[in-house]
>>> print(open('upload15.txt').read())   # compact mmCIF, C-alpha atoms
# COMPACT_ATOMS: atom_id res chain seq x y z
CA MET F 1 -29.27 -48.46 13.69
CA ASP F 2 -32.21 -50.85 14.04
CA ARG F 3 -30.81 -52.89 16.94
CA PRO F 4 -28.66 -52.29 20.02
CA LEU F 5 -24.95 -51.89 19.34
CA ARG F 6 -22.51 -54.30 20.95
CA ILE F 7 -19.48 -52.16 21.73
CA ALA F 8 -16.10 -53.17 23.14
CA ILE F 9 -14.84 -50.21 25.19
CA LEU F 10 -11.14 -50.44 26.03
CA THR F 11 -9.19 -48.53 28.65
CA HIS F 12 -5.60 -48.77 29.87
CA SER F 13 -6.11 -50.00 33.44
CA THR F 14 -8.53 -50.67 36.25
CA ASN F 15 -7.26 -47.61 38.21
CA PRO F 16 -9.47 -44.59 39.04
CA ARG F 17 -7.89 -42.24 36.49
CA GLY F 18 -9.96 -39.75 34.51
CA GLY F 19 -9.89 -41.73 31.26
CA VAL F 20 -10.87 -44.94 33.02
CA VAL F 21 -13.70 -43.21 34.91
CA HIS F 22 -14.90 -41.72 31.61
CA ALA F 23 -14.79 -45.08 29.80
CA MET F 24 -16.68 -46.84 32.59
CA ALA F 25 -19.34 -44.13 32.92
CA LEU F 26 -19.76 -44.04 29.14
CA ALA F 27 -20.27 -47.81 29.06
CA GLU F 28 -22.84 -47.59 31.86
CA ALA F 29 -24.71 -44.78 30.11
CA LEU F 30 -24.72 -46.66 26.80
CA ALA F 31 -26.18 -49.66 28.61
CA GLY F 32 -28.83 -47.35 30.06
CA LEU F 33 -29.73 -46.31 26.50
CA GLY F 34 -30.31 -49.95 25.56
CA HIS F 35 -26.97 -50.77 23.92
CA ALA F 36 -24.66 -53.63 24.87
CA PRO F 37 -21.22 -52.31 25.84
CA VAL F 38 -18.50 -54.46 27.40
CA LEU F 39 -15.69 -52.68 29.29
CA PHE F 40 -12.18 -54.12 29.01
CA ALA F 41 -8.93 -53.39 30.87
CA PRO F 42 -5.71 -55.22 31.78
CA ASP F 43 -5.71 -56.07 35.48
CA ALA F 44 -2.24 -56.53 36.96
CA HIS F 45 -3.47 -56.98 40.54
CA GLY F 46 -6.37 -59.32 39.94
CA SER F 47 -8.68 -57.13 41.98
CA GLY F 48 -10.89 -55.82 39.19
CA PHE F 49 -11.94 -52.26 38.49
CA PHE F 50 -11.73 -49.55 41.14
CA ARG F 51 -15.50 -49.97 41.52
CA ALA F 52 -17.96 -52.53 40.21
CA PRO F 53 -19.24 -51.32 36.81
CA LYS F 54 -22.99 -51.32 36.18
CA CYS F 55 -22.44 -53.10 32.88
CA PRO F 56 -20.56 -56.20 31.67
CA ALA F 57 -16.80 -55.85 32.17
CA VAL F 58 -13.70 -57.92 31.53
CA PRO F 59 -10.70 -56.97 33.70
CA PHE F 60 -8.37 -59.60 32.25
CA LYS F 61 -5.38 -60.76 34.29
CA VAL F 62 -1.90 -59.71 33.17
CA ALA F 63 1.59 -60.05 34.61
CA PRO F 64 3.17 -57.24 36.67
CA ALA F 65 4.48 -54.37 34.58
CA ALA F 66 7.99 -54.49 33.19
CA PRO F 67 10.42 -51.86 34.50
CA GLY F 68 10.60 -48.70 32.44
CA MET F 69 7.66 -46.81 30.95
CA THR F 70 8.28 -47.74 27.31
CA ALA F 71 8.66 -51.44 28.15
CA MET F 72 5.49 -51.29 30.26
CA VAL F 73 3.48 -49.66 27.46
CA GLU F 74 4.69 -52.20 24.90
CA GLN F 75 3.94 -55.05 27.32
CA ARG F 76 0.38 -53.85 27.92
CA ILE F 77 -0.23 -53.43 24.18
CA ALA F 78 0.91 -57.04 23.68
CA ASP F 79 -1.29 -58.14 26.60
CA TYR F 80 -4.34 -56.59 24.94
CA VAL F 81 -3.56 -58.16 21.55
CA SER F 82 -3.03 -61.57 23.16
CA HIS F 83 -6.31 -61.30 25.05
CA PHE F 84 -8.41 -60.58 21.98
CA GLU F 85 -6.59 -63.10 19.80
CA ALA F 86 -7.37 -65.75 22.41
CA ALA F 87 -10.90 -64.62 23.31
CA GLY F 88 -11.89 -63.60 19.80
CA THR F 89 -13.38 -60.41 18.42
CA ASP F 90 -16.60 -61.77 16.91
CA GLY F 91 -19.92 -60.39 18.03
CA PHE F 92 -18.88 -56.75 18.44
CA ASP F 93 -20.18 -54.04 16.14
CA LEU F 94 -17.53 -51.57 17.30
CA PHE F 95 -14.24 -51.33 19.16
CA HIS F 96 -13.52 -48.10 21.04
CA ALA F 97 -10.10 -47.23 22.55
CA HIS F 98 -9.62 -44.54 25.19
CA ASP F 99 -5.83 -44.33 25.35
CA GLY F 100 -2.59 -45.10 23.56
CA ILE F 101 -2.21 -48.62 24.93
CA SER F 102 -5.61 -49.89 23.84
CA GLY F 103 -5.44 -47.79 20.66
CA ASN F 104 -2.21 -49.49 19.61
CA ALA F 105 -3.65 -52.91 20.42
CA LEU F 106 -6.65 -52.21 18.19
CA ALA F 107 -4.34 -50.85 15.46
CA THR F 108 -2.48 -54.17 15.52
CA LEU F 109 -5.68 -56.22 15.49
CA LYS F 110 -6.95 -54.13 12.58
CA ALA F 111 -3.69 -54.64 10.64
CA ARG F 112 -4.01 -58.41 11.22
CA GLY F 113 -7.57 -58.43 9.93
CA ARG F 114 -9.14 -59.29 13.29
CA ILE F 115 -11.26 -56.13 13.41
CA PRO F 116 -12.34 -53.88 10.53
CA ALA F 117 -12.18 -50.50 12.27
CA PHE F 118 -12.06 -48.76 15.62
CA VAL F 119 -12.94 -45.49 17.36
CA ARG F 120 -10.42 -43.53 19.43
CA THR F 121 -11.22 -41.01 22.13
CA VAL F 122 -8.35 -38.60 22.79
CA HIS F 123 -8.43 -37.24 26.33
CA HIS F 124 -5.12 -35.42 25.88
CA VAL F 125 -1.84 -35.79 24.00
CA ASP F 126 1.33 -36.29 26.04
CA ALA F 127 4.76 -34.76 25.33
CA PHE F 128 6.85 -37.89 25.87
CA SER F 129 10.64 -37.60 25.78
CA ASP F 130 11.05 -41.11 24.36
CA PRO F 131 10.63 -41.12 20.54
CA ARG F 132 9.23 -44.66 20.71
CA LEU F 133 6.41 -43.51 23.01
CA LEU F 134 5.70 -40.55 20.73
CA ASP F 135 5.47 -42.90 17.74
CA LEU F 136 3.15 -45.26 19.60
CA GLN F 137 0.94 -42.37 20.71
CA ALA F 138 0.67 -41.09 17.13
CA ARG F 139 -0.07 -44.59 15.79
CA SER F 140 -2.87 -45.09 18.32
CA ILE F 141 -4.52 -41.94 16.96
CA ARG F 142 -3.79 -42.09 13.24
CA ALA F 143 -4.77 -45.74 12.82
CA ALA F 144 -8.32 -45.13 14.07
CA ASP F 145 -11.31 -44.71 11.77
CA GLY F 146 -13.26 -42.24 13.88
CA TRP F 147 -12.25 -39.86 16.66
CA LEU F 148 -13.73 -38.12 19.68
CA ALA F 149 -12.24 -35.48 21.97
CA VAL F 150 -13.48 -34.59 25.44
CA SER F 151 -12.90 -30.85 25.03
CA ARG F 152 -12.51 -28.28 22.27
CA ILE F 153 -8.85 -27.63 23.03
CA TRP F 154 -8.01 -31.25 22.19
CA GLN F 155 -10.39 -31.21 19.25
CA ASP F 156 -8.32 -28.29 17.93
CA GLN F 157 -5.03 -30.02 18.78
CA LEU F 158 -6.06 -33.06 16.75
CA ALA F 159 -6.94 -30.84 13.80
CA ASP F 160 -3.69 -28.86 14.00
CA GLY F 161 -1.29 -31.68 14.88
CA PHE F 162 -2.82 -34.63 13.05
CA GLY F 163 -5.17 -33.17 10.46
CA ILE F 164 -8.00 -35.10 12.12
CA GLU F 165 -11.58 -33.90 12.55
CA ALA F 166 -12.73 -35.28 15.89
CA GLU F 167 -16.24 -35.14 17.27
CA LEU F 168 -16.80 -33.54 20.67
CA SER F 169 -17.98 -35.93 23.38
CA GLY F 170 -17.64 -33.82 26.52
CA ASN F 171 -17.60 -35.28 30.02
CA GLY F 172 -20.13 -35.98 32.70
CA VAL F 173 -20.79 -36.44 36.39
CA ASP F 174 -23.20 -38.60 38.36
CA GLY F 175 -25.24 -36.13 40.38
CA THR F 176 -26.78 -38.89 42.46
CA ARG F 177 -23.35 -39.90 43.81
CA PHE F 178 -21.77 -36.46 44.05
CA SER F 179 -24.03 -33.99 45.82
CA PRO F 180 -23.92 -31.58 48.78
CA ARG F 181 -26.18 -33.84 50.83
CA MET F 182 -24.33 -35.31 53.82
CA ASP F 183 -24.89 -39.04 54.33
CA GLY F 184 -23.30 -39.51 57.77
CA SER F 185 -20.00 -40.97 56.53
CA GLU F 186 -18.09 -37.70 56.62
CA ALA F 187 -17.06 -37.73 60.29
CA ALA F 188 -15.67 -41.25 60.09
CA LEU F 189 -13.68 -40.41 56.98
CA ARG F 190 -12.32 -37.26 58.62
CA ALA F 191 -11.16 -39.29 61.61
CA ARG F 192 -9.68 -42.07 59.45
CA LEU F 193 -7.62 -39.59 57.43
CA GLY F 194 -6.54 -37.69 60.56
CA LEU F 195 -8.02 -34.40 59.39
CA GLY F 196 -8.48 -31.46 61.72
CA PRO F 197 -11.36 -28.98 61.90
CA GLY F 198 -9.77 -26.29 59.68
CA PRO F 199 -10.53 -25.62 55.99
CA ILE F 200 -9.48 -28.44 53.67
CA PHE F 201 -8.09 -27.69 50.23
CA LEU F 202 -8.52 -30.88 48.23
CA SER F 203 -6.26 -31.83 45.32
CA VAL F 204 -7.26 -34.89 43.28
CA GLY F 205 -4.85 -36.74 41.02
CA GLY F 206 -1.76 -37.36 43.11
CA ILE F 207 1.68 -35.76 42.86
CA GLU F 208 2.44 -35.17 39.18
CA ALA F 209 4.02 -32.43 37.09
CA ARG F 210 0.86 -32.17 34.98
CA LYS F 211 -1.18 -31.65 38.14
CA ASN F 212 1.23 -28.85 39.22
CA THR F 213 1.42 -30.26 42.74
CA VAL F 214 4.68 -28.58 43.77
CA ARG F 215 3.40 -25.09 42.95
CA MET F 216 0.13 -25.86 44.72
CA LEU F 217 2.13 -26.87 47.80
CA GLU F 218 4.07 -23.60 47.59
CA ALA F 219 0.75 -21.73 47.41
CA PHE F 220 -0.62 -23.68 50.37
CA LEU F 221 2.44 -22.72 52.43
CA GLN F 222 1.59 -19.07 51.81
CA VAL F 223 -2.04 -19.57 52.84
CA ARG F 224 -0.92 -21.47 55.92
CA GLN F 225 0.84 -18.32 57.12
CA MET F 226 -2.53 -16.63 57.61
CA ARG F 227 -4.66 -19.70 58.39
CA ARG F 228 -2.63 -22.02 60.59
CA ASP F 229 -5.50 -24.52 60.65
CA ALA F 230 -5.63 -24.83 56.84
CA GLN F 231 -5.07 -28.32 55.44
CA LEU F 232 -4.04 -29.67 52.06
CA VAL F 233 -5.29 -33.14 51.13
CA ILE F 234 -3.72 -34.73 48.04
CA ALA F 235 -5.81 -37.73 47.02
CA GLY F 236 -5.42 -40.24 44.21
CA GLY F 237 -2.33 -40.83 42.16
CA ALA F 238 -2.74 -44.36 40.78
CA SER F 239 -0.85 -44.08 37.50
CA LEU F 240 0.89 -46.24 34.93
CA LEU F 241 3.47 -43.51 34.34
CA ASP F 242 6.62 -42.87 36.36
CA HIS F 243 6.39 -39.64 38.37
CA GLY F 244 9.27 -40.46 40.72
CA ALA F 245 11.49 -37.48 39.90
CA TYR F 246 8.70 -34.97 40.39
CA GLN F 247 7.54 -36.67 43.57
CA GLY F 248 11.12 -36.39 44.85
CA GLU F 249 10.97 -32.63 44.25
CA PHE F 250 7.72 -32.50 46.24
CA ARG F 251 9.23 -34.45 49.14
CA ARG F 252 12.30 -32.20 49.23
CA LEU F 253 10.10 -29.10 49.45
CA MET F 254 8.13 -30.71 52.27
CA ALA F 255 11.33 -31.55 54.16
CA ARG F 256 12.89 -28.13 53.59
CA THR F 257 9.86 -26.18 54.77
CA GLY F 258 8.59 -28.54 57.46
CA ALA F 259 5.15 -28.12 55.94
CA GLY F 260 2.35 -28.95 58.32
CA GLY F 261 -1.26 -29.73 57.52
CA VAL F 262 -0.42 -31.74 54.38
CA HIS F 263 -2.08 -35.15 53.97
CA VAL F 264 -1.06 -37.34 51.03
CA THR F 265 -3.62 -40.13 51.01
CA GLY F 266 -2.78 -41.95 47.80
CA PRO F 267 -5.66 -43.71 46.01
CA LEU F 268 -8.75 -44.02 48.19
CA PRO F 269 -11.67 -46.43 47.87
CA ASP F 270 -14.12 -45.09 45.32
CA GLY F 271 -16.86 -45.11 47.94
CA ASP F 272 -14.93 -42.52 49.98
CA MET F 273 -14.76 -39.89 47.25
CA PRO F 274 -18.24 -38.31 47.58
CA ALA F 275 -17.71 -37.78 51.32
CA LEU F 276 -14.18 -36.47 50.74
CA TYR F 277 -15.50 -33.77 48.42
CA ARG F 278 -18.13 -32.80 50.99
CA LEU F 279 -15.40 -32.44 53.63
CA ALA F 280 -13.46 -30.07 51.37
CA HIS F 281 -13.59 -26.31 51.66
CA ALA F 282 -12.48 -26.00 48.03
CA LEU F 283 -11.04 -28.11 45.22
CA LEU F 284 -7.52 -26.99 44.32
CA PHE F 285 -7.03 -27.90 40.66
CA ALA F 286 -4.32 -25.63 39.24
CA SER F 287 -3.21 -28.09 36.56
CA VAL F 288 -0.96 -27.13 33.66
CA LYS F 289 -2.55 -29.68 31.28
CA GLU F 290 -5.90 -31.44 31.42
CA GLY F 291 -8.15 -33.26 29.00
CA PHE F 292 -11.24 -31.93 30.75
CA GLY F 293 -10.92 -32.16 34.53
CA LEU F 294 -13.51 -34.64 35.80
CA ALA F 295 -12.70 -33.77 39.41
CA VAL F 296 -13.95 -30.24 38.73
CA LEU F 297 -17.41 -31.55 37.82
CA GLU F 298 -17.44 -33.86 40.84
CA ALA F 299 -16.57 -30.97 43.16
CA LEU F 300 -19.15 -28.66 41.60
CA ALA F 301 -21.85 -31.32 41.92
CA SER F 302 -20.86 -31.65 45.60
CA GLY F 303 -21.33 -27.93 46.22
CA VAL F 304 -17.58 -27.34 46.59
CA PRO F 305 -15.99 -24.18 45.10
CA VAL F 306 -13.27 -24.88 42.56
CA ILE F 307 -9.90 -23.15 42.13
CA VAL F 308 -8.76 -23.76 38.56
CA SER F 309 -6.16 -22.59 36.07
CA ALA F 310 -7.23 -19.73 33.81
CA MET F 311 -6.90 -21.77 30.63
CA ALA F 312 -8.72 -24.28 28.47
CA PRO F 313 -10.33 -26.71 28.97
CA PHE F 314 -11.69 -25.09 32.14
CA THR F 315 -12.61 -21.88 30.31
CA GLU F 316 -14.74 -23.95 27.93
CA TYR F 317 -17.33 -24.97 30.50
CA LEU F 318 -16.89 -22.50 33.38
CA GLY F 319 -17.91 -18.87 33.23
CA ALA F 320 -15.91 -15.99 34.67
CA ARG F 321 -17.78 -16.10 37.99
CA ASP F 322 -18.26 -19.86 38.19
CA ALA F 323 -14.82 -20.54 39.69
CA LEU F 324 -11.81 -18.95 41.34
CA TRP F 325 -9.20 -18.53 38.61
CA CYS F 326 -5.42 -18.56 38.93
CA ASP F 327 -2.23 -18.48 36.90
CA PRO F 328 -0.86 -22.01 37.40
CA ALA F 329 2.72 -20.83 36.81
CA ARG F 330 2.59 -18.45 39.81
CA PRO F 331 2.19 -19.88 43.34
CA ALA F 332 1.22 -16.39 44.54
CA SER F 333 -1.73 -16.35 42.11
CA ILE F 334 -2.84 -19.78 43.30
CA ALA F 335 -2.55 -18.60 46.92
CA ASP F 336 -4.63 -15.49 46.16
CA ALA F 337 -7.44 -17.67 44.80
CA MET F 338 -7.24 -19.92 47.85
CA ALA F 339 -7.43 -16.88 50.13
CA LEU F 340 -10.47 -15.58 48.25
CA SER F 341 -12.22 -18.91 48.83
CA LEU F 342 -11.86 -18.30 52.57
CA GLN F 343 -14.13 -15.26 52.37
CA PRO F 344 -17.52 -16.53 53.62
CA ALA F 345 -19.68 -14.66 51.12
CA GLU F 346 -17.64 -15.73 48.11
CA HIS F 347 -17.48 -19.29 49.32
CA ALA F 348 -21.25 -19.43 49.84
CA ARG F 349 -21.92 -17.92 46.40
CA LEU F 350 -19.74 -20.47 44.59
CA ALA F 351 -21.02 -23.41 46.64
CA ALA F 352 -24.60 -22.54 45.67
CA LEU F 353 -23.72 -22.28 41.97
CA GLY F 354 -21.86 -25.59 41.65
CA PRO F 355 -24.64 -28.21 41.45
CA GLY F 356 -26.45 -26.25 38.73
CA ILE F 357 -23.30 -26.04 36.62
CA ALA F 358 -22.58 -29.74 37.08
CA ALA F 359 -26.15 -30.67 36.13
CA ARG F 360 -25.44 -29.49 32.57
CA HIS F 361 -22.93 -32.34 32.21
CA ASP F 362 -24.66 -35.72 32.48
CA TRP F 363 -23.34 -39.06 31.24
CA THR F 364 -26.45 -39.84 29.21
CA SER F 365 -25.82 -36.77 27.05
CA VAL F 366 -22.19 -37.83 26.67
CA ALA F 367 -23.29 -41.29 25.53
CA ARG F 368 -25.77 -39.84 23.03
CA ALA F 369 -22.99 -37.68 21.56
CA HIS F 370 -21.21 -40.92 20.57
CA LEU F 371 -24.11 -42.45 18.67
CA PRO F 372 -23.81 -40.63 15.29
CA LEU F 373 -20.17 -41.74 14.96
CA TYR F 374 -20.98 -45.23 16.19
CA ASP F 375 -23.81 -45.54 13.67
CA ARG F 376 -21.60 -44.43 10.79
CA LEU F 377 -18.91 -46.99 11.57
CA ALA F 378 -20.96 -49.92 12.83
CA ALA F 379 -22.83 -50.82 9.62
CA PRO F 380 -19.76 -50.93 7.34
CA ALA F 381 -17.86 -52.83 10.05
CA ARG F 382 -20.58 -55.50 10.21
CA GLU F 383 -20.64 -55.80 6.44
CA THR F 384 -16.85 -56.24 6.34
CA LEU F 385 -16.87 -58.88 9.08
CA HIS F 386 -19.66 -60.90 7.47
CA ALA F 387 -18.62 -60.50 3.81
>>> encode(input="upload15.txt", output="C-alpha cells")
Amino acid sequence: MDRPLRIAILTHSTNPRGGVVHAMALAEALAGLGHAPVLFAPDAHGSGFFRAPKCPAVPFKVAPAAPGMTAMVEQRIADYVSHFEAAGTDGFDLFHAHDGISGNALATLKARGRIPAFVRTVHHVDAFSDPRLLDLQARSIRAADGWLAVSRIWQDQLADGFGIEAELSGNGVDGTRFSPRMDGSEAALRARLGLGPGPIFLSVGGIEARKNTVRMLEAFLQVRQMRRDAQLVIAGGASLLDHGAYQGEFRRLMARTGAGGVHVTGPLPDGDMPALYRLAHALLFASVKEGFGLAVLEALASGVPVIVSAMAPFTEYLGARDALWCDPARPASIADAMALSLQPAEHARLAALGPGIAARHDWTSVARAHLPLYDRLAAPARETLHA
C-alpha cells in the first residue's frame, strides 16, 4: 500500500473490556505506524471511552439500553447503522469490527451497499441460549470478508465451526504503563479501597460465570483458613451482558460463609489499574473461557505472578514454569496454586520472570500482524467504492 490506510475500527462499547482495550490499543499502534485509524463505539453515558485514546475516536451518543440482552444487542446494532448512515462511510479504506454488535452493523451496511467489505476480529465465540443471539453472532462472523483471531484456540474454532481461515493477531501490553516500578500512588489507592497489609489476590473482570468467580471465591475461603490476612480484590465488571443470576450465586455464598477479606470494587478508573496490579501479590485468573486474557499480560508486565487455568489460550503463550497452573473446575486446585504463590522463593522467581514474558507481546507487533490482511482488502474496496 503506497499511502497510509484510513481504517474505521469498531467496538461494542466505551467500557474497559478486553475487546475494547484491544481495539483501542490496536488503533493507537496503527497510528504510530503512520496509518489513520478512527475508533468508534456507542456511548450510552455520554462520558466517552474509559480513557482518552491516543488517536481520533468517535464515541457517538446513544439512548440507554433496552431491557433484555437480545433487545439491547439489536438496539445497538441499529444505533451503529444509523450513525454511519447519517455520518457517511466515505473516506475509509477499511472497516474493522471487533464484536458481534459492530459486525452485524457492518454486515447490514455492506448488504445496503454502503461499504464494500469489512474485517472481523473474533476474540471468542459465546454459547448464547437465545437462538436469535446465536444467529446474530454467526452473521457477524460469516458476513465478513477477512478474519483475525487473538489466539490459536479461536483460530481453530473458526476453522472447525465456520470453515473460516482466520489470521492470528495476538494481543499486547503497554510496558511503559504496566511495570513493577512504584510511582507513589500505591499507598493512596490501598487506603481508598480499604485494603489491609496482607497478600492481595487480584481478580480482574468482575463477577461472571466465564471468569469462574464463584469457584475462585471458594478457593480463597480455603486459603483464608491458613492466611487470615489474605485478601481477594475483584475489580472490573463493566459489561453489556446480564450476569445477574451468577452474581446472585456469588452473593449467597458470601452471605452463607461470612467471607471476610473480599473487596468487590466494580470498574475502577483506568489510571488506577497499574498501581492496583503492583499492590497485588498474585493475579487470580482461573477462567473457564477466554479469548486471550489481557489481564495476564498486564500482571506479568507489572512483575505480578499469575495463577491461570491449565488450558488454552494460556498454554499458548505461557510455559510450564511461567505461571501457577490450576484446574478451574476444582476450587481445591485453585487454592493449591494460591498457596504455592505464598512461598517466598516461588513468588520471587515468578515475579522476576513476568516482565520478560510480557515484553514479547507489544502492540506494534500486533498492529503489524494486521497489515497483510488490510492490504489485501483495502485496494479492492477502494476500487469498488470509486467505480
>>> residues_around(input="upload15.txt", residues="Gly103 (chain F)", least_positions_apart="3", cutoff="12 Å", atoms="all atoms listed in the file", output="number ranges by chain")
F: 9-12, 73-74, 76-78, 80-81, 95-100, 106-110, 117-122, 136-147
>>> atom_distance(input="upload15.txt", atom1="CA of Val262 (chain F)", atom2="CA of Met226 (chain F)")
15.6 Å
>>> closest_residue(input="upload15.txt", among="F:Ser82, F:Gln155, F:Ser333, F:Asn212", to="Gln247 (chain F)", atoms="only C-alpha atoms")
F:Asn212
>>> residues_around(input="upload15.txt", residues="Ser151 (chain F)", least_positions_apart="3", cutoff="12 Å", atoms="all atoms listed in the file", output="JSON, numbers by chain")
{"F": [121, 122, 123, 124, 148, 154, 155, 156, 157, 158, 166, 167, 168, 169, 170, 171, 172, 290, 291, 292, 293, 294, 312, 313, 314, 315, 316, 317, 366]}
>>> closest_residue(input="upload15.txt", among="F:Leu26, F:Ala310, F:Val264, F:Val214", to="Leu195 (chain F)", atoms="all atoms listed in the file")
F:Val264
>>> residues_around(input="upload15.txt", residues="Phe92 (chain F)", least_positions_apart="6", cutoff="7 Å", atoms="all atoms listed in the file", output="mmCIF file with C-alpha atoms, in the coordinates of the input")
data_model
loop_
_atom_site.group_PDB
_atom_site.id
_atom_site.type_symbol
_atom_site.label_atom_id
_atom_site.label_comp_id
_atom_site.auth_asym_id
_atom_site.auth_seq_id
_atom_site.Cartn_x
_atom_site.Cartn_y
_atom_site.Cartn_z
ATOM 1 C CA ARG F 6 -22.510 -54.300 20.950
ATOM 2 C CA ILE F 7 -19.480 -52.160 21.730
ATOM 3 C CA ALA F 8 -16.100 -53.170 23.140
#
>>> closest_residue(input="upload15.txt", among="F:Ile334, F:Ala329, F:Leu217, F:Leu340", to="Val308 (chain F)", atoms="all atoms listed in the file")
F:Ile334
>>> closest_residue(input="upload15.txt", among="F:Ala41, F:Ala286, F:Ala255, F:Leu133", to="Met72 (chain F)", atoms="only C-alpha atoms")
F:Leu133
